$ cat query_29.pdb   # PDB, C-alpha atoms and all ligand atoms
ATOM      1  CA  MET A   1       7.456 -11.540 -24.804
ATOM      2  CA  THR A   2       4.592 -12.953 -26.777
ATOM      3  CA  VAL A   3       3.674 -10.441 -29.427
ATOM      4  CA  GLY A   4       1.054 -10.919 -32.066
ATOM      5  CA  MET A   5      -2.621 -10.870 -32.681
ATOM      6  CA  GLY A   6      -3.441 -13.799 -30.403
ATOM      7  CA  SER A   7      -5.055 -13.044 -27.095
ATOM      8  CA  HIS A   8      -2.603 -12.909 -24.199
ATOM      9  CA  GLN A   9      -4.700 -15.013 -21.877
ATOM     10  CA  SER A  10      -4.338 -17.914 -24.275
ATOM     11  CA  SER A  11      -2.092 -20.897 -23.657
ATOM     12  CA  ALA A  12       0.491 -19.222 -25.885
ATOM     13  CA  MET A  13       1.086 -16.569 -23.241
ATOM     14  CA  LYS A  14       4.694 -16.765 -22.197
ATOM     15  CA  ASN A  15       5.079 -14.216 -19.430
ATOM     16  CA  ASP A  16       3.477 -11.851 -16.993
ATOM     17  CA  GLU A  17       4.577  -8.563 -18.475
ATOM     18  CA  TRP A  18       1.171  -7.320 -19.451
ATOM     19  CA  LEU A  19       0.767  -3.918 -17.902
ATOM     20  CA  THR A  20      -2.431  -2.272 -16.803
ATOM     21  CA  PRO A  21      -3.727   0.440 -19.149
ATOM     22  CA  PRO A  22      -2.622   3.608 -17.312
ATOM     23  CA  GLU A  23      -6.047   5.224 -17.625
ATOM     24  CA  ILE A  24      -7.482   2.490 -15.390
ATOM     25  CA  ILE A  25      -5.091   3.283 -12.568
ATOM     26  CA  GLU A  26      -5.542   7.034 -13.029
ATOM     27  CA  ALA A  27      -9.301   6.603 -12.661
ATOM     28  CA  LEU A  28      -8.865   4.855  -9.321
ATOM     29  CA  GLY A  29      -6.748   7.404  -7.452
ATOM     30  CA  THR A  30      -3.313   6.979  -5.928
ATOM     31  CA  PHE A  31      -1.944   3.743  -4.538
ATOM     32  CA  TYR A  32       0.806   3.296  -1.965
ATOM     33  CA  LEU A  33       2.071  -0.118  -3.078
ATOM     34  CA  ASP A  34       2.269  -2.211  -6.238
ATOM     35  CA  PRO A  35       3.707  -5.519  -4.974
ATOM     36  CA  CYS A  36       4.208  -7.022  -8.446
ATOM     37  CA  SER A  37       5.555  -4.621 -11.008
ATOM     38  CA  PRO A  38       8.054  -4.941 -13.883
ATOM     39  CA  GLY A  39      11.745  -5.172 -13.029
ATOM     40  CA  GLU A  40      14.364  -2.838 -14.410
ATOM     41  CA  ARG A  41      12.111  -1.171 -16.892
ATOM     42  CA  ARG A  42       8.822   0.411 -15.915
ATOM     43  CA  PRO A  43       7.119   2.837 -18.318
ATOM     44  CA  TRP A  44       5.123   4.556 -15.553
ATOM     45  CA  ASP A  45       4.537   4.360 -11.838
ATOM     46  CA  THR A  46       1.480   2.525 -10.559
ATOM     47  CA  ALA A  47       2.059   3.365  -6.895
ATOM     48  CA  ALA A  48       4.471   5.172  -4.575
ATOM     49  CA  VAL A  49       6.321   1.933  -3.769
ATOM     50  CA  HIS A  50       6.947  -0.943  -6.204
ATOM     51  CA  TYR A  51       8.187  -4.467  -5.650
ATOM     52  CA  ASP A  52       9.302  -6.616  -8.552
ATOM     53  CA  PHE A  53      10.330 -10.235  -9.067
ATOM     54  CA  ARG A  54      13.775  -9.501  -7.604
ATOM     55  CA  ASP A  55      12.135  -8.508  -4.307
ATOM     56  CA  ASN A  56       9.485 -11.230  -4.504
ATOM     57  CA  GLY A  57       6.547  -9.080  -3.519
ATOM     58  CA  LEU A  58       4.849 -11.933  -1.747
ATOM     59  CA  SER A  59       7.648 -12.206   0.797
ATOM     60  CA  GLN A  60       7.692  -8.464   1.529
ATOM     61  CA  PRO A  61       5.618  -6.468   3.998
ATOM     62  CA  TRP A  62       2.530  -4.864   2.487
ATOM     63  CA  GLY A  63       1.186  -1.511   3.614
ATOM     64  CA  GLY A  64      -1.302   1.156   2.614
ATOM     65  CA  ARG A  65      -3.547   1.108  -0.404
ATOM     66  CA  VAL A  66      -2.455  -1.648  -2.796
ATOM     67  CA  TRP A  67      -2.757  -1.887  -6.565
ATOM     68  CA  LEU A  68      -2.643  -5.524  -7.724
ATOM     69  CA  ASN A  69      -2.502  -6.838 -11.267
ATOM     70  CA  PRO A  70      -0.965 -10.188 -10.344
ATOM     71  CA  PRO A  71       1.172 -12.632 -12.298
ATOM     72  CA  TYR A  72      -1.086 -14.907 -14.335
ATOM     73  CA  GLY A  73      -1.956 -18.545 -14.003
ATOM     74  CA  ARG A  74      -2.286 -20.585 -10.848
ATOM     75  CA  GLU A  75       0.123 -18.237  -9.102
ATOM     76  CA  ALA A  76      -2.474 -15.473  -9.151
ATOM     77  CA  ALA A  77      -4.478 -17.046  -6.314
ATOM     78  CA  GLN A  78      -1.814 -16.479  -3.678
ATOM     79  CA  TRP A  79      -1.536 -12.803  -4.581
ATOM     80  CA  LEU A  80      -5.270 -12.367  -4.363
ATOM     81  CA  GLU A  81      -5.338 -14.214  -1.060
ATOM     82  CA  ARG A  82      -2.708 -11.834   0.267
ATOM     83  CA  LEU A  83      -4.673  -8.784  -0.867
ATOM     84  CA  ALA A  84      -7.863 -10.118   0.705
ATOM     85  CA  ALA A  85      -5.993 -10.580   3.998
ATOM     86  CA  HIS A  86      -4.470  -7.109   3.691
ATOM     87  CA  GLY A  87      -7.950  -5.677   3.181
ATOM     88  CA  ASN A  88      -7.057  -2.429   1.431
ATOM     89  CA  GLY A  89      -6.672  -2.387  -2.321
ATOM     90  CA  ILE A  90      -7.979  -3.089  -5.781
ATOM     91  CA  ALA A  91      -7.109  -6.044  -7.998
ATOM     92  CA  LEU A  92      -7.416  -6.332 -11.746
ATOM     93  CA  ILE A  93      -8.086  -9.919 -12.789
ATOM     94  CA  PHE A  94      -9.861 -11.844 -15.506
ATOM     95  CA  ALA A  95     -13.551 -12.262 -14.758
ATOM     96  CA  ARG A  96     -13.353 -16.021 -14.485
ATOM     97  CA  THR A  97     -16.145 -16.110 -11.995
ATOM     98  CA  GLU A  98     -16.379 -19.884 -11.828
ATOM     99  CA  THR A  99     -12.845 -20.589 -10.652
ATOM    100  CA  ASP A 100     -11.793 -21.714  -7.212
ATOM    101  CA  MET A 101      -9.687 -18.561  -6.889
ATOM    102  CA  PHE A 102     -12.681 -16.366  -7.630
ATOM    103  CA  PHE A 103     -14.903 -18.217  -5.181
ATOM    104  CA  ARG A 104     -12.359 -18.253  -2.376
ATOM    105  CA  HIS A 105     -10.879 -14.788  -2.599
ATOM    106  CA  VAL A 106     -13.413 -12.671  -4.471
ATOM    107  CA  TRP A 107     -16.964 -13.912  -3.896
ATOM    108  CA  GLU A 108     -16.174 -14.756  -0.268
ATOM    109  CA  LYS A 109     -13.933 -11.877   0.752
ATOM    110  CA  ALA A 110     -14.193  -8.850  -1.533
ATOM    111  CA  ASP A 111     -16.411  -5.827  -0.983
ATOM    112  CA  ALA A 112     -17.277  -5.041  -4.599
ATOM    113  CA  ILE A 113     -16.522  -5.995  -8.182
ATOM    114  CA  LEU A 114     -16.625  -3.739 -11.215
ATOM    115  CA  PHE A 115     -17.154  -5.893 -14.298
ATOM    116  CA  LEU A 116     -15.615  -3.854 -17.104
ATOM    117  CA  ARG A 117     -17.461  -3.375 -20.351
ATOM    118  CA  GLY A 118     -15.574  -4.755 -23.370
ATOM    119  CA  ARG A 119     -12.037  -6.086 -23.254
ATOM    120  CA  LEU A 120      -8.899  -4.310 -22.171
ATOM    121  CA  HIS A 121      -5.806  -3.749 -24.245
ATOM    122  CA  PHE A 122      -2.862  -4.258 -21.925
ATOM    123  CA  HIS A 123       0.531  -2.605 -22.494
ATOM    124  CA  TYR A 124       4.025  -3.946 -23.050
ATOM    125  CA  VAL A 125       6.863  -2.898 -20.756
ATOM    126  CA  THR A 126       7.864  -0.441 -23.469
ATOM    127  CA  GLY A 127       4.604   1.356 -22.737
ATOM    128  CA  GLU A 128       3.182   0.415 -26.123
ATOM    129  CA  ARG A 129      -0.468  -0.652 -26.118
ATOM    130  CA  ALA A 130      -1.055  -4.188 -27.402
ATOM    131  CA  LYS A 131      -2.928  -4.267 -30.701
ATOM    132  CA  ALA A 132      -4.967  -7.278 -29.644
ATOM    133  CA  ASN A 133      -7.328  -7.159 -26.736
ATOM    134  CA  SER A 134      -6.766  -9.446 -23.775
ATOM    135  CA  GLY A 135      -9.091 -12.106 -25.146
ATOM    136  CA  ALA A 136     -11.236 -12.313 -22.024
ATOM    137  CA  PRO A 137     -13.345 -10.051 -19.809
ATOM    138  CA  SER A 138     -11.691  -8.303 -16.879
ATOM    139  CA  CYS A 139     -12.927  -7.025 -13.563
ATOM    140  CA  LEU A 140     -11.713  -4.795 -10.759
ATOM    141  CA  VAL A 141     -12.075  -6.210  -7.273
ATOM    142  CA  ALA A 142     -12.256  -3.898  -4.242
ATOM    143  CA  TYR A 143     -11.235  -4.749  -0.693
ATOM    144  CA  GLY A 144     -12.103  -2.051   1.833
ATOM    145  CA  ALA A 145     -14.804   0.630   1.849
ATOM    146  CA  ASN A 146     -12.466   3.276   0.436
ATOM    147  CA  ASN A 147     -11.852   1.092  -2.585
ATOM    148  CA  VAL A 148     -15.561   0.439  -3.123
ATOM    149  CA  ARG A 149     -15.980   4.210  -3.222
ATOM    150  CA  ALA A 150     -13.087   4.487  -5.680
ATOM    151  CA  LEU A 151     -14.792   2.034  -8.033
ATOM    152  CA  LYS A 152     -18.080   3.912  -7.725
ATOM    153  CA  GLN A 153     -16.416   7.239  -8.467
ATOM    154  CA  SER A 154     -14.021   6.001 -11.157
ATOM    155  CA  GLY A 155     -16.207   6.704 -14.169
ATOM    156  CA  LEU A 156     -14.971   3.425 -15.659
ATOM    157  CA  ASP A 157     -17.535   1.782 -17.911
ATOM    158  CA  GLY A 158     -18.947  -1.392 -16.445
ATOM    159  CA  ARG A 159     -21.333  -2.828 -13.899
ATOM    160  CA  LEU A 160     -20.595  -2.556 -10.209
ATOM    161  CA  VAL A 161     -21.693  -5.404  -7.992
ATOM    162  CA  THR A 162     -21.437  -4.822  -4.253
ATOM    163  CA  LEU A 163     -20.941  -7.870  -2.086
ATOM    164  CA  ARG A 164     -22.072  -8.889   1.361
ATOM    165  CA  LYS A 165     -19.748  -6.734   3.421
ATOM    166  CA  ALA A 166     -20.492  -3.638   1.349
ATOM    167  CA  GLU A 167     -24.238  -3.835   1.775
ATOM    168  CA  ALA A 168     -24.006  -1.886   5.026
ATOM    169  CA  LEU A 169     -21.987   0.979   3.519
TER     170      LEU A 169
HETATM  171  C1  LIG B   1       0.415  -8.628 -14.992
HETATM  172  S1  LIG B   1       1.919  -7.770 -14.656
HETATM  173  C2  LIG B   1       1.317  -6.292 -13.884
HETATM  174  C3  LIG B   1       2.341  -5.219 -13.783
HETATM  175  C4  LIG B   1       1.885  -3.958 -13.021
HETATM  176  N1  LIG B   1       1.549  -4.292 -11.654
HETATM  177  C5  LIG B   1       0.702  -3.299 -13.670
HETATM  178  O1  LIG B   1      -0.382  -3.279 -13.088
HETATM  179  O2  LIG B   1       0.856  -2.784 -14.781
HETATM  180  C6  LIG B   1       2.559  -8.736 -13.298
HETATM  181  C7  LIG B   1       3.949  -8.312 -12.865
HETATM  182  O3  LIG B   1       4.374  -9.102 -11.763
HETATM  183  C8  LIG B   1       5.786  -9.229 -11.830
HETATM  184  N2  LIG B   1       6.172 -10.338 -10.971
HETATM  185  C9  LIG B   1       6.173 -11.662 -11.253
HETATM  186  N3  LIG B   1       6.552 -12.377 -10.185
HETATM  187  C10 LIG B   1       6.790 -11.473  -9.187
HETATM  188  C11 LIG B   1       7.213 -11.592  -7.829
HETATM  189  N4  LIG B   1       7.456 -12.770  -7.281
HETATM  190  N5  LIG B   1       7.338 -10.455  -7.096
HETATM  191  C12 LIG B   1       7.075  -9.262  -7.647
HETATM  192  N6  LIG B   1       6.690  -9.084  -8.930
HETATM  193  C13 LIG B   1       6.543 -10.188  -9.689
HETATM  194  C14 LIG B   1       6.022  -9.442 -13.309
HETATM  195  O4  LIG B   1       7.373  -9.170 -13.630
HETATM  196  C15 LIG B   1       5.015  -8.458 -13.920
HETATM  197  O5  LIG B   1       5.616  -7.213 -14.133
END

$ encode --input "query_29.pdb" --output "structure tokens" --more "lines below"
Ligand SMILES: C[S@@+](CC[C@H](N)C(=O)[O-])C[C@H]1O[C@@H](n2cnc3c(N)ncnc32)[C@H](O)[C@@H]1O
Amino acid sequence: MTVGMGSHQSSAMKNDEWLTPPEIIEALGTFYLDPCSPGERRPWDTAAVHYDFRDNGLSQPWGGRVWLNPPYGREAAQWLERLAAHGNGIALIFARTETDMFFRHVWEKADAILFLRGRLHFHYVTGERAKANSGAPSCLVAYGANNVRALKQSGLDGRLVTLRKAEAL
């Protein structure tokens, strides 16, 4: 685990074990599935059903409302693609709005984006909150009308942008 004052989205980042601040998930309601969660040690539940790297969440069936904070790097795109195809869930990703991943799976397919104010402090698998912030802006991406509503009702500080499909809601 990379620990220190450097931002975790930097090139020094060594692994994916940066957990979502629990208050974010609490604000969004209950999820059925987290397809990429920590292995043996998990400080709290993020959903009713969890897959971890031993299951390879990408090769498993997905059902219900999905919470997705995917592994980082290039790998993230395939997780986001899967969520977009599934059509029911919320993803937490860096707001790198210019990337191919963002264009292909967010701008083109999502229903809404909540750009969060400020920067998040993620948590270690121990549950401890990282002292340093994540070093980049984050956003929550909704797929499905129920998840647009969840973003609207979350009370999370940020700016909600509804996308093409949500305009008719
Ligand atoms: C950024 S963390 C998010 C953890 C948790 N979902 C959350 O929101 O707090 C990404 C997680 O994906 C897990 N992971 C990595 N590869 C995976 C795979 N192939 N299948 C399932 N989980 C995986 C990592 O172990 C890590 O716990």

$ closest_atom_pairs --input "query_29.pdb" --of "chain A" --to "ligand LIG 1 (chain B)" --cutoff "7 Å" --atoms "all atoms listed in the file" --output "tab-separated table"
residue	atom	partner	partner_atom	distance
A:Asp16	CA	B:LIG1	C15	4.8
A:Glu17	CA	B:LIG1	C15	4.6
A:Trp18	CA	B:LIG1	C1	4.7
A:Leu19	CA	B:LIG1	O2	3.3
A:Thr20	CA	B:LIG1	O2	3.9
A:Asp34	CA	B:LIG1	N1	5.8
A:Pro35	CA	B:LIG1	C12	5.7
A:Cys36	CA	B:LIG1	N6	3.3
A:Ser37	CA	B:LIG1	O5	4.1
A:Pro38	CA	B:LIG1	O5	3.3
A:Gly39	CA	B:LIG1	O4	6.0
A:Thr46	CA	B:LIG1	O1	6.6
A:Tyr51	CA	B:LIG1	C12	5.3
A:Asp52	CA	B:LIG1	C12	3.6
A:Phe53	CA	B:LIG1	N5	3.6
A:Arg54	CA	B:LIG1	N5	6.5
A:Asp55	CA	B:LIG1	N5	5.9
A:Asn56	CA	B:LIG1	N5	3.5
A:Gly57	CA	B:LIG1	N5	3.9
A:Leu58	CA	B:LIG1	N5	6.1
A:Leu68	CA	B:LIG1	N1	5.9
A:Asn69	CA	B:LIG1	O1	4.5
A:Pro70	CA	B:LIG1	C6	4.8
A:Pro71	CA	B:LIG1	C6	4.3
A:Tyr72	CA	B:LIG1	C1	6.5

$ resolve_selection --input "query_29.pdb" --expression "the PyMOL selection byres (((chain A and resi 86) around 9) and not hetatm)" --output "PDB file with C-alpha atoms, in the coordinates of the input"
ATOM      1  CA  TRP A  62       2.530  -4.864   2.487  1.00  0.00           C
ATOM      2  CA  GLY A  63       1.186  -1.511   3.614  1.00  0.00           C
ATOM      3  CA  GLY A  64      -1.302   1.156   2.614  1.00  0.00           C
ATOM      4  CA  VAL A  66      -2.455  -1.648  -2.796  1.00  0.00           C
ATOM      5  CA  GLU A  81      -5.338 -14.214  -1.060  1.00  0.00           C
ATOM      6  CA  ARG A  82      -2.708 -11.834   0.267  1.00  0.00           C
ATOM      7  CA  LEU A  83      -4.673  -8.784  -0.867  1.00  0.00           C
ATOM      8  CA  ALA A  84      -7.863 -10.118   0.705  1.00  0.00           C
ATOM      9  CA  ALA A  85      -5.993 -10.580   3.998  1.00  0.00           C
ATOM     10  CA  GLY A  87      -7.950  -5.677   3.181  1.00  0.00           C
ATOM     11  CA  ASN A  88      -7.057  -2.429   1.431  1.00  0.00           C
ATOM     12  CA  GLY A  89      -6.672  -2.387  -2.321  1.00  0.00           C
ATOM     13  CA  TYR A 143     -11.235  -4.749  -0.693  1.00  0.00           C
TER      14      TYR A 143
END

$ axis_aligned_box --input "query_29.pdb" --around "region 53-59 of chain A" --padding-each-side "5 Å" --output "lines of an AutoDock Vina configuration file"
center_x = 9.3
center_y = -10.4
center_z = -4.1
size_x = 18.9
size_y = 13.7
size_z = 19.9

$ closest_residue --input "query_29.pdb" --among "A:Trp79, A:Ala142, A:Arg117, A:Leu28" --to "Ser154 (chain A)" --atoms "only C-alpha atoms"
A:Leu28

$ residues_around --input "query_29.pdb" --residues "Ala47 (chain A)" --least-positions-apart "5" --cutoff "8 Å" --atoms "all atoms listed in the file" --output "ChimeraX atom specification"
/A:30-34,66-67

$ write_last_selection --input "query_29.pdb" --atoms "C-alpha atoms" --output "PDB file, in the frame of the given file"
ATOM      1  CA  THR A  30      -3.313   6.979  -5.928  1.00  0.00           C
ATOM      2  CA  PHE A  31      -1.944   3.743  -4.538  1.00  0.00           C
ATOM      3  CA  TYR A  32       0.806   3.296  -1.965  1.00  0.00           C
ATOM      4  CA  LEU A  33       2.071  -0.118  -3.078  1.00  0.00           C
ATOM      5  CA  ASP A  34       2.269  -2.211  -6.238  1.00  0.00           C
ATOM      6  CA  VAL A  66      -2.455  -1.648  -2.796  1.00  0.00           C
ATOM      7  CA  TRP A  67      -2.757  -1.887  -6.565  1.00  0.00           C
TER       8      TRP A  67
END

$ atom_distance --input "query_29.pdb" --atom1 "CA of Tyr124 (chain A)" --atom2 "CA of Ala150 (chain A)"
25.8 Å

$ closest_residue --input "query_29.pdb" --among "A:Ala132, A:Val125, A:Ile90, A:Ala48" --to "Ala145 (chain A)" --atoms "only C-alpha atoms"
A:Ile90

$ build_atoms --input "query_29.pdb" --residues "region 129-140 of chain A" --atoms "all heavy atoms" --output "compact mmCIF listing (two decimals), keeping the file's coordinate frame"
# COMPACT_ATOMS: atom_id res chain seq x y z
N ARG A 129 0.81 0.04 -26.34
CA ARG A 129 -0.47 -0.65 -26.12
C ARG A 129 -0.55 -1.84 -27.07
O ARG A 129 -0.28 -1.71 -28.27
CB ARG A 129 -1.59 0.34 -26.40
CG ARG A 129 -3.02 -0.17 -26.20
CD ARG A 129 -3.97 0.99 -26.54
NE ARG A 129 -5.36 0.71 -26.26
CZ ARG A 129 -6.24 0.31 -27.16
NH1 ARG A 129 -5.86 0.10 -28.41
NH2 ARG A 129 -7.50 0.12 -26.82
N ALA A 130 -0.92 -3.00 -26.54
CA ALA A 130 -1.06 -4.19 -27.40
C ALA A 130 -2.15 -3.96 -28.43
O ALA A 130 -3.20 -3.38 -28.13
CB ALA A 130 -1.38 -5.40 -26.54
N LYS A 131 -1.92 -4.43 -29.65
CA LYS A 131 -2.93 -4.27 -30.70
C LYS A 131 -4.14 -5.15 -30.41
O LYS A 131 -5.27 -4.76 -30.63
CB LYS A 131 -2.34 -4.62 -32.06
CG LYS A 131 -1.35 -3.57 -32.55
CD LYS A 131 -0.97 -3.81 -34.01
CE LYS A 131 -0.04 -2.72 -34.52
NZ LYS A 131 1.20 -2.59 -33.70
N ALA A 132 -3.87 -6.36 -29.94
CA ALA A 132 -4.97 -7.28 -29.64
C ALA A 132 -5.51 -7.03 -28.24
O ALA A 132 -4.76 -6.65 -27.33
CB ALA A 132 -4.48 -8.72 -29.74
N ASN A 133 -6.78 -7.26 -28.09
CA ASN A 133 -7.33 -7.16 -26.74
C ASN A 133 -6.93 -8.41 -25.94
O ASN A 133 -6.36 -9.35 -26.47
CB ASN A 133 -8.84 -6.92 -26.76
CG ASN A 133 -9.62 -8.14 -27.21
OD1 ASN A 133 -9.43 -9.25 -26.72
ND2 ASN A 133 -10.51 -7.95 -28.18
N SER A 134 -7.26 -8.40 -24.67
CA SER A 134 -6.77 -9.45 -23.78
C SER A 134 -7.43 -10.80 -24.00
O SER A 134 -7.00 -11.80 -23.43
CB SER A 134 -6.98 -9.01 -22.32
OG SER A 134 -8.36 -8.79 -22.11
N GLY A 135 -8.48 -10.83 -24.79
CA GLY A 135 -9.09 -12.11 -25.15
C GLY A 135 -10.07 -12.64 -24.11
O GLY A 135 -10.58 -13.75 -24.27
N ALA A 136 -10.31 -11.88 -23.08
CA ALA A 136 -11.24 -12.31 -22.02
C ALA A 136 -11.73 -11.08 -21.27
O ALA A 136 -11.06 -10.03 -21.29
CB ALA A 136 -10.54 -13.28 -21.06
N PRO A 137 -12.86 -11.19 -20.60
CA PRO A 137 -13.34 -10.05 -19.81
C PRO A 137 -12.51 -9.86 -18.55
O PRO A 137 -11.96 -10.82 -18.01
CB PRO A 137 -14.78 -10.45 -19.47
CG PRO A 137 -14.78 -11.94 -19.50
CD PRO A 137 -13.78 -12.34 -20.54
N SER A 138 -12.44 -8.62 -18.10
CA SER A 138 -11.69 -8.30 -16.88
C SER A 138 -12.62 -7.66 -15.85
O SER A 138 -13.67 -7.11 -16.19
CB SER A 138 -10.57 -7.29 -17.19
OG SER A 138 -9.59 -7.86 -18.01
N CYS A 139 -12.17 -7.72 -14.61
CA CYS A 139 -12.93 -7.02 -13.56
C CYS A 139 -11.96 -6.43 -12.55
O CYS A 139 -10.81 -6.85 -12.45
CB CYS A 139 -13.92 -7.96 -12.89
SG CYS A 139 -13.17 -9.36 -12.05
N LEU A 140 -12.46 -5.43 -11.84
CA LEU A 140 -11.71 -4.80 -10.76
C LEU A 140 -12.36 -5.20 -9.45
O LEU A 140 -13.59 -5.09 -9.31
CB LEU A 140 -11.76 -3.27 -10.93
CG LEU A 140 -10.97 -2.75 -12.14
CD1 LEU A 140 -11.42 -1.34 -12.51
CD2 LEU A 140 -9.47 -2.75 -11.85
